[in-house]
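**Student:** Structure incoming, see below.
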Amino acid sequence: MNDIEYNIAEENVSGNSKKVIKYTMTYKTQSAGDLTNEYEMTLLKENNLWRVVWQPSHIFPDMAWGDTFDRATLAAERGDIVSHGAVVATNVRLVTVYALLSEIAPKNVLTDEIMQENAGMSEQDAEKEADRLYSDAEYLNTRFSAEFDAAAAEIAAVLDLDAAELRTKFGKNANEFITVYQAMPDEVTVEQQEQLNAVNGVHVDTEHYGSKRYYPYGSLLAHTLGYISFATWEEIQTYNEGRDPNDGLYTTDSKVGKSGIEKLYERELRGKDGYYFFIRGTDGAVKKVIYRKDKVDGSDVMLTIDFKLQQRTEELLDLVLFGTDTAGAVVVMNPKTGEVNAIASNPSYDLNRFIKGMSGDEYKALEDQENEPLRNRATRELYPPGSTFKAFTAAAALDTGTVNENYVFTGYIDNDYWKPTGYGEWPWPRIKRTRVYHRTEPMNMTNCMLHSDNIYFADVALKIGQEKFIAYFNEKLGMDKSLPYELGAARSQLYSRGSVMDNKMLADSGYGQGQVLVTPLQLAAMFSAFANNGDMPTPRITDGLYVTDGVEYKCIRKSEYSVWMEDAISTNAINKIIPMLQGVVDPNKNGTGRSLRVTNVDVAAKTGSAEIGKDKTRMYSWFAGFRLNVAQEDERVVIVMLDVPDSGAYSSLKFQIARELLKLDDTPDPNAPPAE
């Protein structure tokens with residue numbers, strides 16, 4: 001309050017000893033503005049002095065003795081995260097089990113006992129003494145111990161909880177309202193709620209006593225959505241910087257986004273708290289609201305994710321991968337818009353476990369799981385791309401003018417091994433080609449793309465030379481840059497820092513080995529260039545931010561398409577390479593992708609594999625492909641990366657996933673007009 005102004009409206013005098021004054025008074029406040037009310041004050045003359053007959057109503061007209069003035073927060077609801085109409089992160093009202101002290105430990109019982117123990121005491125005095133005892137939590141905990149024990153035991157029996165732990169909630173203080181237990185809606189059945197309501201003094205509320213973050217689909221999009229948890233001191237300081245205290249500051253009780261979308265849009269999702277000043281009556285209830293500032297709920301984040309496609313993607317990974325020694329990632333992206341329509345890392349984990357709370361042992365078990373579900377393999381992990389890289393080695397050769405698509409390898413190959421000649425001394429092991437039966441000759445670019453011939457692309461890389469090869473991949477394809485993805489991504493590399501690219505590394509890089517490392521998301525951006533007139537789009541997963549304005553749902557910020565690497569691949573190279581990639585998946589040719597067998601749309605693709613470790617018992621199995629000749633909304637690049645044992649049982653798994661994600665949905669539209 002900054003100032004007070006008053007104006008006397010009327011003064012009534014009764015004799016020489018009493019006055020009744022009616023007046024208006026205005027409080028000048030910083031947060032609530034001007035608060036004006038009408039008042040009435042009585043003055044009595046004593047010893048020739050006028051004295052005010054003081055009443056709480058002189059503060060606010062509705063105040064009476066015993067009332068208090070208080071401030072309450074209207075907590076802003078955290079915004080939802082939405083995927084094509086499906087809410088994938090929201091807030092749910094908690095099921096609150098509470099007890100009313102007056103029903104379990106009735107005050108009239110104390111009054112009756114006091115009167116029995118004190119013969120002759122008036123009922124009014126007994127009630128005053130009962131009031132005093134009733135405010136003593138320690139006394140109540142002893143006097144009504146049996147009643148509290150019984151209530152705790154009955155609640156524990158219904159919910160299968162520890163009765164001793166629940167009992168600690170009773171008798172802590174002398175409040176009328178005792179919160180005994182809170183849970184998520186799916187943790188307390190309707191039948192259990194009915195049983196609890198039947199317990200003396202116990203009630204269940206599902207609307208008014210708090211909410212909690214909830215992920216309706218559990219593990220769906222877990223690595224993308226992230227989760228929330230209690231803020232650290234550093235996070236509190238960061239998020240409070242520049243924030244208006246009236247909007248609600250972050251405290252140690254606040255929960256903030258710890259990863260993913262929840263972290264990226266923490267400030268937008270958080271919203272602004274409201275508050276109200278009010279008079280609280282002696283019964284604890286709100287008697288009169290003096291001023292109210294409405295809350296502003298957080299903005300909703302709309303994702304580019306196609307919800308049904310995301311569900312199908314994760315379902316396919318779950319169906320195809322088996323055992324605890326398999327893992328993988330899938331990226332589905334529109335190459336013309338940069339929108340990520342599905343992105344998954346397998347195995348995943350249920351985000352609600354973080355919200356409900358995990359013990360240290362539970363978290364360690366999740367962290368130590370053999371196939372590491374906490375790793376985000378789609379964006380945060382780097383892998384050698386194997387033969388998928390050959391499409392870009394071909395592009396580099398064509399765009400630098402090193403060779404054309406008709407170049408034929410004529411070097412000497414001994415039992416699928418080649419020792420490079422014409423490039424100086426070669427002290428390293430020979431280069432091994434992939435063994436192919438019924439190989440198509442000659443060894444030109446088309447046939448060697450078809451059969452994924454390591455020797456051919458090693459030779460082409462050597463012909464390009466270190467300087468041009470490095471310049472093309474770094475400057476045109478961004479291999480030495482951080483992918484500008486909203487949620488961040490590991491930085492891909494052509495070779496590691498501190499290394500020098502010698503001829504052996506150059507030859508190995510030509511077929512996606514050596515020290516080449518990419519994320520599945522970056523490979524999706526690179527293959528998008530083939531379907532996007534040579535431009536590599538910036539991958540984006542946020543469609544925009546939305547708020548509710550009355551009955552309207554308004555967009556307040558829209559994400560826009562942008563190009564990350566312009567003219568990454570020339571039109572000439574694209575026109576030459578796409579037919580080669582179509583041949584790779586042509587079932588009538590002996591290509592490495594012939595098992596794909598998508599029949600209702602044209603597809604261009606490249607397969608790849610990279611052996612892992614010294615014992616070569618595991619591999620990264622890759623598929624990278626895209627649709628051709630479709631409408632923009634149907635454009636799709638699909639990247640599949642599987643981390644699996646190197647055996648025949650796992651070799652076709654990538655095709656099972658890619659086939660389902662690349663084929664066009666041929667389900668007839670039930671709303672379409674009948675064909676003529």
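Residue names in the structure tokens use chain letters A, B, ... in the order shown, residue numbers from 1 in each chain, and ligand numbers from 1 in the order shown.
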Considering only C-alpha atoms, tabulate each residue of range 559-630 of chain A that lies at most 6 Å from range 447-453 of chain A along with its nearest interatomic pair and the corresponding distance in Å to one decimal; arrange the rows by chain and ascending residue number and present them as CSV.
**Tutor:**
residue,atom,partner,partner_atom,distance
A:Val584,CA,A:Leu450,CA,4.8
A:Gly591,CA,A:Leu450,CA,4.7
A:Thr592,CA,A:His451,CA,5.8
**Student:** Among range 93-171 of chain A, which residues carry a DSSP assignment of strand (DSSP E or B), reported as a list in words?
**Tutor:**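 Going through range 93-171 of chain A, the strand (DSSP E or B) residues come out as Arg93, Val95, Thr96, Val97, Tyr98, Ala99 and Leu100 of chain A.
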**Student:** As number ranges by chain, please: the residues near Gln632 in chain A (cut-off 9 Å, only C-alpha atoms, same-chain neighbours under 2 positions excluded).
**Tutor:** A: 334-337, 630, 634-636
**Student:** Write out as a PyMOL selection string each polymer residue whose atoms come within 10 Å of range 486-499 of chain A, counting only C-alpha atoms; drop sequence neighbours fewer than 5 positions from it.
**Tutor:** chain A and resi 224-225+259-261+263-264+376-384+469-470+473-474+478-481+505-506+509+512-523+538-542
**Student:** Write out as an NGL selection string the residues lying within 7 Å of range 173-176 of chain A, counting only C-alpha atoms and excluding same-chain residues fewer than 5 positions away.
**Tutor:** :A and (100-102 or 134-137)
**Student:** Measuring between only C-alpha atoms, which one of A:Gly281, A:Trp65, A:Lys356, A:Lys107 shows the shortest distance to Pro185 in chain A?
**Tutor:** A:Lys356
**Student:** Show me, as number ranges by chain, the residues that have an atom within 6 Å of Met565 in chain A when counting only C-alpha atoms, minus same-chain residues fewer than 2 positions from it.
**Tutor:** A: 535-536, 563, 568
**Student:** Between A:Ser254, A:Trp622, A:Arg51, A:Asp3, which is the closest to Gln30 in chain A once you count only C-alpha atoms?
**Tutor:**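 The answer is A:Asp3, which sits nearest to Gln30 in chain A.
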**Student:** Write out as a count of residues only the set of residues from range 74-205 of chain A that DSSP, computed on the backbone, places in helix (DSSP H, G or I).
**Tutor:** 65
**Student:** Give me, as a VMD selection string, all polymer residues having an atom no more than 10 Å from range 417-432 of chain A, counting only C-alpha atoms and skipping those fewer than 4 positions away in the same chain.
**Tutor:** chain A and resid 411 to 413 453 to 456 458 to 459 462 to 463 465 503 to 504 507 to 508
**Student:** Can you write just those residues out, C-alpha atoms, as a PDB file, in the first residue's frame?
**Tutor:**
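Result file follows (out_18.pdb):
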ATOM      1  CA  GLY A 411      42.116 -52.087 -61.067  1.00  0.00           C
ATOM      2  CA  TYR A 412      43.245 -55.550 -60.031  1.00  0.00           C
ATOM      3  CA  ILE A 413      40.995 -57.260 -57.458  1.00  0.00           C
ATOM      4  CA  ASP A 453      31.106 -51.895 -53.701  1.00  0.00           C
ATOM      5  CA  ASN A 454      33.638 -50.565 -51.171  1.00  0.00           C
ATOM      6  CA  ILE A 455      36.513 -50.756 -53.625  1.00  0.00           C
ATOM      7  CA  TYR A 456      34.860 -48.513 -56.191  1.00  0.00           C
ATOM      8  CA  ALA A 458      37.391 -45.984 -51.991  1.00  0.00           C
ATOM      9  CA  ASP A 459      38.986 -45.463 -55.391  1.00  0.00           C
ATOM     10  CA  LEU A 462      41.231 -41.269 -53.529  1.00  0.00           C
ATOM     11  CA  LYS A 463      40.728 -39.698 -56.940  1.00  0.00           C
ATOM     12  CA  GLY A 465      41.822 -36.206 -53.040  1.00  0.00           C
ATOM     13  CA  ASN A 503      45.091 -41.966 -47.878  1.00  0.00           C
ATOM     14  CA  LYS A 504      43.881 -44.959 -45.873  1.00  0.00           C
ATOM     15  CA  ALA A 507      39.680 -44.418 -48.888  1.00  0.00           C
ATOM     16  CA  ASP A 508      37.750 -45.740 -45.856  1.00  0.00           C
TER      17      ASP A 508
END
**Student:** Quick one, how far is CA of Ser647 in chain A from CA of Tyr511 in chain A?
**Tutor:**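 Atom-to-atom, CA of Ser647 in chain A to CA of Tyr511 in chain A, that is 21.0 Å.
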**Student:** To one decimal in Å, tell me the separation between CA of Ala525 in chain A and CA of Ala395 in chain A.
**Tutor:**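 These atoms are spaced 15.1 Å apart.
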**Student:** Go through A:Ile639, A:Asp399, A:Asp205, A:Arg132 and flag the residue nearest Ile343 in chain A, using only C-alpha atoms for the distances.
**Tutor:** A:Ile639
**Student:** What's the separation between CA of Gly33 in chain A and CA of Tyr291 in chain A, in Å to one decimal place?
**Tutor:** 9.2 Å
**Student:** Measuring between only C-alpha atoms, which one of A:Ala130, A:Ala99, A:Val180, A:Ala157 shows the shortest distance to Gly201 in chain A?
**Tutor:**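 Once distances to Gly201 in chain A are computed over only C-alpha atoms, the minimum belongs to A:Ala99.
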**Student:** Between A:Lys308, A:Lys255, A:His438, A:Arg433, which has the minimum distance to Lys589 in chain A (counting only C-alpha atoms)?
**Tutor:** A:His438
**Student:** Measuring atom to atom with only C-alpha atoms, identify which of A:Ile228, A:Asn16, A:Thr111, A:Thr282 is nearest to Asp125 in chain A.
**Tutor:**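 For Asp125 in chain A, the nearest of the given residues is A:Thr111.
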